[in-house]
file structure_32.cif (mmCIF, C-alpha atoms; chains and numbers go by the auth columns)
data_coords
loop_
_atom_site.group_PDB
_atom_site.id
_atom_site.type_symbol
_atom_site.label_atom_id
_atom_site.label_comp_id
_atom_site.label_asym_id
_atom_site.label_seq_id
_atom_site.Cartn_x
_atom_site.Cartn_y
_atom_site.Cartn_z
_atom_site.B_iso_or_equiv
_atom_site.auth_seq_id
_atom_site.auth_asym_id
ATOM 1 C CA GLY A 1 24.388 -12.128 -19.031 0.00 1 A
ATOM 2 C CA ALA A 2 25.219 -8.567 -19.997 0.00 2 A
ATOM 3 C CA ASP A 3 22.891 -6.899 -17.502 0.00 3 A
ATOM 4 C CA TYR A 4 24.083 -4.725 -14.648 0.00 4 A
ATOM 5 C CA ILE A 5 22.781 -5.527 -11.147 0.00 5 A
ATOM 6 C CA ASP A 6 21.243 -2.885 -8.901 0.00 6 A
ATOM 7 C CA THR A 7 22.199 -4.127 -5.423 0.00 7 A
ATOM 8 C CA ARG A 8 20.139 -1.360 -3.797 0.00 8 A
ATOM 9 C CA ARG A 9 17.018 -3.136 -5.094 0.00 9 A
ATOM 10 C CA SER A 10 18.192 -6.737 -4.661 0.00 10 A
ATOM 11 C CA TRP A 11 18.003 -9.040 -1.657 0.00 11 A
ATOM 12 C CA LEU A 12 18.601 -12.469 -0.174 0.00 12 A
ATOM 13 C CA GLU A 13 15.327 -14.226 0.569 0.00 13 A
ATOM 14 C CA LEU A 14 15.050 -17.265 2.851 0.00 14 A
ATOM 15 C CA GLU A 15 12.648 -19.118 5.108 0.00 15 A
ATOM 16 C CA VAL A 16 13.565 -19.913 8.703 0.00 16 A
ATOM 17 C CA LYS A 17 11.856 -22.483 10.907 0.00 17 A
ATOM 18 C CA TYR A 18 12.716 -22.312 14.622 0.00 18 A
ATOM 19 C CA THR A 19 12.281 -25.520 16.634 0.00 19 A
ATOM 20 C CA PRO A 20 12.713 -25.468 20.443 0.00 20 A
ATOM 21 C CA ASP A 21 13.604 -28.601 22.406 0.00 21 A
ATOM 22 C CA ALA A 22 10.962 -31.090 23.520 0.00 22 A
ATOM 23 C CA PHE A 23 10.747 -29.551 27.014 0.00 23 A
ATOM 24 C CA ASN A 24 9.958 -26.017 25.793 0.00 24 A
ATOM 25 C CA THR A 25 7.392 -26.661 23.084 0.00 25 A
ATOM 26 C CA THR A 26 5.761 -23.219 23.451 0.00 26 A
ATOM 27 C CA ALA A 27 8.964 -21.191 23.132 0.00 27 A
ATOM 28 C CA ASN A 28 9.497 -18.811 20.224 0.00 28 A
ATOM 29 C CA GLY A 29 12.893 -17.657 18.965 0.00 29 A
ATOM 30 C CA SER A 30 13.677 -13.976 19.552 0.00 30 A
ATOM 31 C CA PHE A 31 16.408 -12.084 17.694 0.00 31 A
ATOM 32 C CA GLY A 32 16.613 -9.482 20.480 0.00 32 A
ATOM 33 C CA ALA A 33 15.881 -5.751 20.483 0.00 33 A
ATOM 34 C CA HIS A 34 18.458 -4.870 17.798 0.00 34 A
ATOM 35 C CA GLY A 35 18.698 -8.278 16.166 0.00 35 A
ATOM 36 C CA SER A 36 17.300 -9.596 12.911 0.00 36 A
ATOM 37 C CA VAL A 37 17.632 -12.589 10.628 0.00 37 A
ATOM 38 C CA CYS A 38 21.246 -11.399 10.290 0.00 38 A
ATOM 39 C CA ASN A 39 21.744 -13.121 13.684 0.00 39 A
ATOM 40 C CA LEU A 40 21.830 -16.402 11.771 0.00 40 A
ATOM 41 C CA ILE A 41 24.870 -15.473 9.664 0.00 41 A
ATOM 42 C CA LYS A 42 28.225 -15.977 11.388 0.00 42 A
ATOM 43 C CA ASN A 43 30.591 -15.226 8.479 0.00 43 A
ATOM 44 C CA ILE A 44 30.352 -14.067 4.858 0.00 44 A
ATOM 45 C CA VAL A 45 32.978 -14.601 2.172 0.00 45 A
ATOM 46 C CA ILE A 46 32.402 -13.112 -1.284 0.00 46 A
ATOM 47 C CA SER A 47 34.712 -14.116 -4.111 0.00 47 A
ATOM 48 C CA THR A 48 34.921 -13.801 -7.880 0.00 48 A
ATOM 49 C CA ARG A 49 34.521 -16.610 -10.374 0.00 49 A
ATOM 50 C CA SER A 50 38.309 -17.031 -10.431 0.00 50 A
ATOM 51 C CA GLY A 51 38.488 -17.261 -6.622 0.00 51 A
ATOM 52 C CA ASP A 52 39.732 -13.753 -5.767 0.00 52 A
ATOM 53 C CA GLU A 53 38.308 -12.735 -2.399 0.00 53 A
ATOM 54 C CA LEU A 54 36.371 -9.459 -2.567 0.00 54 A
ATOM 55 C CA CYS A 55 34.946 -9.355 0.945 0.00 55 A
ATOM 56 C CA ASN A 56 35.369 -11.380 4.130 0.00 56 A
ATOM 57 C CA ILE A 57 33.272 -10.493 7.178 0.00 57 A
ATOM 58 C CA ASN A 58 33.672 -12.453 10.412 0.00 58 A
ATOM 59 C CA ASP A 59 31.056 -12.204 13.193 0.00 59 A
ATOM 60 C CA PHE A 60 28.613 -10.612 10.749 0.00 60 A
ATOM 61 C CA ASN A 61 25.723 -11.083 13.192 0.00 61 A
ATOM 62 C CA LEU A 62 27.440 -9.126 15.976 0.00 62 A
ATOM 63 C CA LEU A 63 28.470 -6.390 13.558 0.00 63 A
ATOM 64 C CA GLN A 64 24.899 -5.937 12.297 0.00 64 A
ATOM 65 C CA ASN A 65 23.516 -5.771 15.848 0.00 65 A
ATOM 66 C CA ILE A 66 25.726 -2.703 16.313 0.00 66 A
ATOM 67 C CA LEU A 67 25.564 -1.089 12.858 0.00 67 A
ATOM 68 C CA VAL A 68 21.890 -1.364 11.884 0.00 68 A
ATOM 69 C CA PRO A 69 20.529 0.778 14.765 0.00 69 A
ATOM 70 C CA LEU A 70 23.287 3.355 14.153 0.00 70 A
ATOM 71 C CA GLN A 71 23.021 3.575 10.359 0.00 71 A
ATOM 72 C CA TYR A 72 19.276 3.510 9.772 0.00 72 A
ATOM 73 C CA GLY A 73 16.375 5.559 11.114 0.00 73 A
ATOM 74 C CA ARG A 74 12.887 4.658 12.260 0.00 74 A
ATOM 75 C CA GLU A 75 11.467 4.775 8.706 0.00 75 A
ATOM 76 C CA TRP A 76 13.986 2.161 7.543 0.00 76 A
ATOM 77 C CA VAL A 77 13.371 -0.019 10.613 0.00 77 A
ATOM 78 C CA ASP A 78 9.618 0.045 9.906 0.00 78 A
ATOM 79 C CA GLY A 79 10.164 -0.826 6.210 0.00 79 A
ATOM 80 C CA PRO A 80 13.114 -2.985 5.135 0.00 80 A
ATOM 81 C CA GLY A 81 13.959 -3.666 8.776 0.00 81 A
ATOM 82 C CA GLN A 82 10.660 -5.494 9.257 0.00 82 A
ATOM 83 C CA LEU A 83 11.381 -7.683 6.223 0.00 83 A
ATOM 84 C CA MET A 84 14.587 -8.687 8.036 0.00 84 A
ATOM 85 C CA GLY A 85 12.716 -9.369 11.283 0.00 85 A
ATOM 86 C CA PHE A 86 14.406 -6.441 13.044 0.00 86 A
ATOM 87 C CA GLY A 87 13.583 -6.655 16.765 0.00 87 A
ATOM 88 C CA GLY A 88 11.402 -9.721 16.122 0.00 88 A
ATOM 89 C CA GLY A 89 11.995 -13.398 15.699 0.00 89 A
ATOM 90 C CA CYS A 90 10.455 -16.691 14.633 0.00 90 A
ATOM 91 C CA LYS A 91 7.366 -18.452 15.920 0.00 91 A
ATOM 92 C CA ASN A 92 7.651 -21.983 17.164 0.00 92 A
ATOM 93 C CA ASN A 93 7.769 -24.491 14.267 0.00 93 A
ATOM 94 C CA THR A 94 6.356 -21.974 11.796 0.00 94 A
ATOM 95 C CA PRO A 95 8.393 -21.157 8.667 0.00 95 A
ATOM 96 C CA THR A 96 8.934 -17.398 8.418 0.00 96 A
ATOM 97 C CA ARG A 97 10.190 -15.685 5.258 0.00 97 A
ATOM 98 C CA PHE A 98 12.822 -12.977 5.619 0.00 98 A
ATOM 99 C CA CYS A 99 14.577 -10.699 3.131 0.00 99 A
ATOM 100 C CA ILE A 100 18.025 -9.177 3.677 0.00 100 A
ATOM 101 C CA PRO A 101 18.877 -6.288 1.331 0.00 101 A
ATOM 102 C CA MET A 102 22.186 -6.906 -0.430 0.00 102 A
ATOM 103 C CA TYR A 103 23.546 -3.562 0.754 0.00 103 A
ATOM 104 C CA VAL A 104 23.213 -4.885 4.326 0.00 104 A
ATOM 105 C CA LEU A 105 25.062 -8.126 3.482 0.00 105 A
ATOM 106 C CA ALA A 106 28.341 -6.469 2.525 0.00 106 A
ATOM 107 C CA PRO A 107 29.885 -3.033 1.934 0.00 107 A
ATOM 108 C CA LEU A 108 30.677 -4.231 -1.597 0.00 108 A
ATOM 109 C CA PHE A 109 26.945 -4.124 -2.368 0.00 109 A
ATOM 110 C CA GLY A 110 26.395 -0.801 -0.582 0.00 110 A
ATOM 111 C CA TYR A 111 28.495 1.065 -3.119 0.00 111 A
ATOM 112 C CA GLY A 112 25.426 2.810 -4.567 0.00 112 A
ATOM 113 C CA ARG A 113 26.268 2.051 -8.209 0.00 113 A
ATOM 114 C CA LEU A 114 25.193 -0.616 -10.652 0.00 114 A
ATOM 115 C CA MET A 115 27.429 -3.681 -10.445 0.00 115 A
ATOM 116 C CA PRO A 116 28.798 -4.809 -13.813 0.00 116 A
ATOM 117 C CA ALA A 117 27.909 -8.212 -15.238 0.00 117 A
ATOM 118 C CA MET A 118 31.553 -9.272 -15.402 0.00 118 A
ATOM 119 C CA LEU A 119 31.784 -8.859 -11.601 0.00 119 A
ATOM 120 C CA MET A 120 28.432 -10.421 -10.724 0.00 120 A
ATOM 121 C CA SER A 121 28.544 -13.332 -13.174 0.00 121 A
ATOM 122 C CA GLY A 122 29.935 -16.350 -11.362 0.00 122 A
ATOM 123 C CA MET A 123 30.269 -14.499 -8.048 0.00 123 A
ATOM 124 C CA ARG A 124 30.357 -16.824 -5.072 0.00 124 A
ATOM 125 C CA ILE A 125 28.731 -15.794 -1.792 0.00 125 A
ATOM 126 C CA GLU A 126 29.514 -18.213 1.019 0.00 126 A
ATOM 127 C CA LEU A 127 27.549 -17.933 4.265 0.00 127 A
ATOM 128 C CA THR A 128 28.512 -19.697 7.490 0.00 128 A
ATOM 129 C CA TRP A 129 25.510 -20.153 9.779 0.00 129 A
ATOM 130 C CA GLU A 130 25.563 -19.372 13.508 0.00 130 A
ATOM 131 C CA ASN A 131 24.646 -21.909 16.176 0.00 131 A
ATOM 132 C CA PRO A 132 21.064 -21.611 17.509 0.00 132 A
ATOM 133 C CA LYS A 133 22.129 -20.639 21.064 0.00 133 A
ATOM 134 C CA THR A 134 23.809 -17.496 19.755 0.00 134 A
ATOM 135 C CA ALA A 135 21.280 -16.673 17.033 0.00 135 A
ATOM 136 C CA PHE A 136 18.115 -16.944 19.159 0.00 136 A
ATOM 137 C CA LYS A 137 16.904 -16.397 22.685 0.00 137 A
ATOM 138 C CA ALA A 138 13.819 -18.405 23.624 0.00 138 A
ATOM 139 C CA VAL A 139 10.743 -16.526 24.856 0.00 139 A
ATOM 140 C CA THR A 140 7.447 -18.075 25.900 0.00 140 A
ATOM 141 C CA GLY A 141 5.304 -14.944 26.078 0.00 141 A
ATOM 142 C CA ILE A 142 5.285 -11.253 25.265 0.00 142 A
ATOM 143 C CA LEU A 143 6.662 -10.174 28.640 0.00 143 A
ATOM 144 C CA SER A 144 8.815 -13.206 29.384 0.00 144 A
ATOM 145 C CA THR A 145 12.543 -13.042 29.956 0.00 145 A
ATOM 146 C CA PRO A 146 14.659 -14.574 27.183 0.00 146 A
ATOM 147 C CA THR A 147 16.272 -17.827 28.251 0.00 147 A
ATOM 148 C CA GLU A 148 18.799 -20.186 26.747 0.00 148 A
ATOM 149 C CA ILE A 149 17.385 -23.552 25.714 0.00 149 A
ATOM 150 C CA GLU A 150 18.464 -26.195 23.275 0.00 150 A
ATOM 151 C CA SER A 151 16.912 -25.429 19.932 0.00 151 A
ATOM 152 C CA THR A 152 17.491 -25.821 16.232 0.00 152 A
ATOM 153 C CA TYR A 153 16.578 -23.894 13.130 0.00 153 A
ATOM 154 C CA THR A 154 16.172 -24.852 9.510 0.00 154 A
ATOM 155 C CA ILE A 155 16.798 -22.596 6.540 0.00 155 A
ATOM 156 C CA SER A 156 14.942 -23.407 3.354 0.00 156 A
ATOM 157 C CA ASN A 157 14.441 -21.883 -0.087 0.00 157 A
ATOM 158 C CA PRO A 158 17.396 -19.462 0.038 0.00 158 A
ATOM 159 C CA LYS A 159 17.671 -17.370 -3.113 0.00 159 A
ATOM 160 C CA PHE A 160 18.961 -14.058 -4.341 0.00 160 A
ATOM 161 C CA VAL A 161 16.374 -11.835 -5.982 0.00 161 A
ATOM 162 C CA LEU A 162 18.332 -9.517 -8.257 0.00 162 A
ATOM 163 C CA SER A 163 17.254 -6.347 -10.016 0.00 163 A
ATOM 164 C CA SER A 164 18.908 -6.414 -13.422 0.00 164 A
ATOM 165 C CA VAL A 165 19.336 -3.316 -15.572 0.00 165 A
ATOM 166 C CA GLN A 166 20.099 -3.134 -19.283 0.00 166 A
ATOM 167 C CA LEU A 167 21.927 -0.018 -20.363 0.00 167 A
ATOM 168 C CA SER A 168 21.209 1.590 -23.714 0.00 168 A
ATOM 169 C CA ASP A 169 23.808 0.997 -26.439 0.00 169 A
ATOM 170 C CA SER A 170 25.158 4.560 -26.299 0.00 170 A
ATOM 171 C CA ILE A 171 25.663 4.495 -22.516 0.00 171 A
ATOM 172 C CA GLN A 172 27.242 1.061 -22.612 0.00 172 A
ATOM 173 C CA ARG A 173 29.566 2.137 -25.433 0.00 173 A
ATOM 174 C CA ALA A 174 30.662 5.200 -23.434 0.00 174 A
ATOM 175 C CA LEU A 175 31.356 3.049 -20.353 0.00 175 A
ATOM 176 C CA ASN A 176 33.349 0.530 -22.348 0.00 176 A
ATOM 177 C CA GLU A 177 35.484 3.279 -23.871 0.00 177 A
#
call {"tool": "encode", "arguments": {"input": "structure_32.cif", "output": "structure tokens"}}
result
Amino acid sequence: GADYIDTRRSWLELEVKYTPDAFNTTANGSFGAHGSVCNLIKNIVISTRSGDELCNINDFNLLQNILVPLQYGREWVDGPGQLMGFGGGCKNNTPTRFCIPMYVLAPLFGYGRLMPAMLMSGMRIELTWENPKTAFKAVTGILSTPTEIESTYTISNPKFVLSSVQLSDSIQRALNE
């Protein structure tokens, strides 16, 4: 369409179901103290409709474990950070919905301006998922020590929720000039 996208008010929404192995049926999946649902994303490649690469981030999960605590304060951690599962995890065999703000996904979306329709239309965002051993640490209780076990996770209902903005004719005319 012709709408601009406000990436500061848009997010990736998905459900994650953590499943431990048959020998650890009570284990939950922890993201770690500074981890979040971002632990599940290994790499991100963002490209235009024509295939031009705009952004390529390798080891996204490790990068976010370092950057999020440094860039955002307690208020953010208690708000959007909780929607991302910051410092939390997934309960055993229970689907949990998470939201990752687009400005966290890539610096391209953290620009702080409305993104034009010609850029966003047909944009391809390719996510490579991390293996469960790296993404989660298994915990069986509140005070238990995280351990490595064989586990799997399932991602369902992934979708981008975008905030679209229509500019008035006079503003759009001035931008086009």
call {"tool": "closest_residue", "arguments": {"input": "structure_32.cif", "among": "A:Pro20, A:Gln71, A:Asp78, A:Gly88", "to": "His34 (chain A)", "atoms": "all atoms listed in the file"}}
result
A:Gly88
call {"tool": "closest_residue", "arguments": {"input": "structure_32.cif", "among": "A:Leu162, A:Ala33, A:Met115, A:Leu83", "to": "Pro69 (chain A)", "atoms": "all atoms listed in the file"}}
result
A:Ala33
call {"tool": "closest_residue", "arguments": {"input": "structure_32.cif", "among": "A:Phe109, A:Trp129, A:Phe136, A:Tyr153", "to": "Ile41 (chain A)", "atoms": "all atoms listed in the file"}}
result
A:Trp129
call {"tool": "closest_residue", "arguments": {"input": "structure_32.cif", "among": "A:Leu12, A:Tyr103, A:Leu40, A:Phe160", "to": "Asn131 (chain A)", "atoms": "only C-alpha atoms"}}
result
A:Leu40
call {"tool": "resolve_selection", "arguments": {"input": "structure_32.cif", "expression": "the PyMOL selection byres ((chain A and resi 61) around 9)", "output": "VMD selection string"}}
result
chain A and resid 35 to 43 58 to 60 62 to 66 130 135
call {"tool": "closest_residue", "arguments": {"input": "structure_32.cif", "among": "A:Thr134, A:Thr25, A:Gln82, A:Thr7", "to": "Pro101 (chain A)", "atoms": "all atoms listed in the file"}}
result
A:Thr7
call {"tool": "resolve_selection", "arguments": {"input": "structure_32.cif", "expression": "the PyMOL selection byres ((chain A and resi 45) around 10)", "output": "ChimeraX atom specification"}}
result
/A:43-44,46-47,53-58,106,124-128
call {"tool": "write_last_selection", "arguments": {"input": "structure_32.cif", "atoms": "C-alpha atoms", "output": "JSON list (two decimals), in the coordinates of the input"}}
result
[["chain", "number", "residue", "atom", "x", "y", "z"],
["A", 43, "ASN", "CA", 30.59, -15.23, 8.48],
["A", 44, "ILE", "CA", 30.35, -14.07, 4.86],
["A", 46, "ILE", "CA", 32.40, -13.11, -1.28],
["A", 47, "SER", "CA", 34.71, -14.12, -4.11],
["A", 53, "GLU", "CA", 38.31, -12.74, -2.40],
["A", 54, "LEU", "CA", 36.37, -9.46, -2.57],
["A", 55, "CYS", "CA", 34.95, -9.36, 0.94],
["A", 56, "ASN", "CA", 35.37, -11.38, 4.13],
["A", 57, "ILE", "CA", 33.27, -10.49, 7.18],
["A", 58, "ASN", "CA", 33.67, -12.45, 10.41],
["A", 106, "ALA", "CA", 28.34, -6.47, 2.52],
["A", 124, "ARG", "CA", 30.36, -16.82, -5.07],
["A", 125, "ILE", "CA", 28.73, -15.79, -1.79],
["A", 126, "GLU", "CA", 29.51, -18.21, 1.02],
["A", 127, "LEU", "CA", 27.55, -17.93, 4.26],
["A", 128, "THR", "CA", 28.51, -19.70, 7.49]]
call {"tool": "residues_around", "arguments": {"input": "structure_32.cif", "residues": "Gln166 (chain A)", "least_positions_apart": "4", "cutoff": "8 Å", "atoms": "all atoms listed in the file", "output": "VMD selection string"}}
result
chain A and resid 2 to 4
call {"tool": "atom_distance", "arguments": {"input": "structure_32.cif", "atom1": "CA of Thr26 (chain A)", "atom2": "CA of Pro95 (chain A)"}}
result
15.2 Å
call {"tool": "atom_distance", "arguments": {"input": "structure_32.cif", "atom1": "CA of Gly89 (chain A)", "atom2": "CA of Gly32 (chain A)"}}
result
7.7 Å
call {"tool": "resolve_selection", "arguments": {"input": "structure_32.cif", "expression": "the PyMOL selection byres ((chain A and resi 120-122) around 8)", "output": "PyMOL selection string"}}
result
chain A and resi 1+5+48-49+115-119+123-124
call {"tool": "atom_distance", "arguments": {"input": "structure_32.cif", "atom1": "CA of Ala22 (chain A)", "atom2": "CA of Ile155 (chain A)"}}
result
19.9 Å
call {"tool": "closest_residue", "arguments": {"input": "structure_32.cif", "among": "A:Val68, A:Cys90, A:Ala138, A:Val161", "to": "Tyr18 (chain A)", "atoms": "only C-alpha atoms"}}
result
A:Cys90
call {"tool": "axis_aligned_box", "arguments": {"input": "structure_32.cif", "around": "region 73-80 of chain A", "padding_each_side": "5 Å", "output": "lines of an AutoDock Vina configuration file"}}
result
center_x = 13.0
center_y = 1.3
center_z = 8.7
size_x = 16.8
size_y = 18.5
size_z = 17.1
call {"tool": "residues_near_point", "arguments": {"input": "structure_32.cif", "point": "(10.7, -18.7, 22.6)", "cutoff": "7 Å", "atoms": "only C-alpha atoms", "output": "list in words"}}
result
Thr26, Ala27, Asn28, Gly29, Ser30, Lys137, Ala138, Val139 and Thr140 of chain A
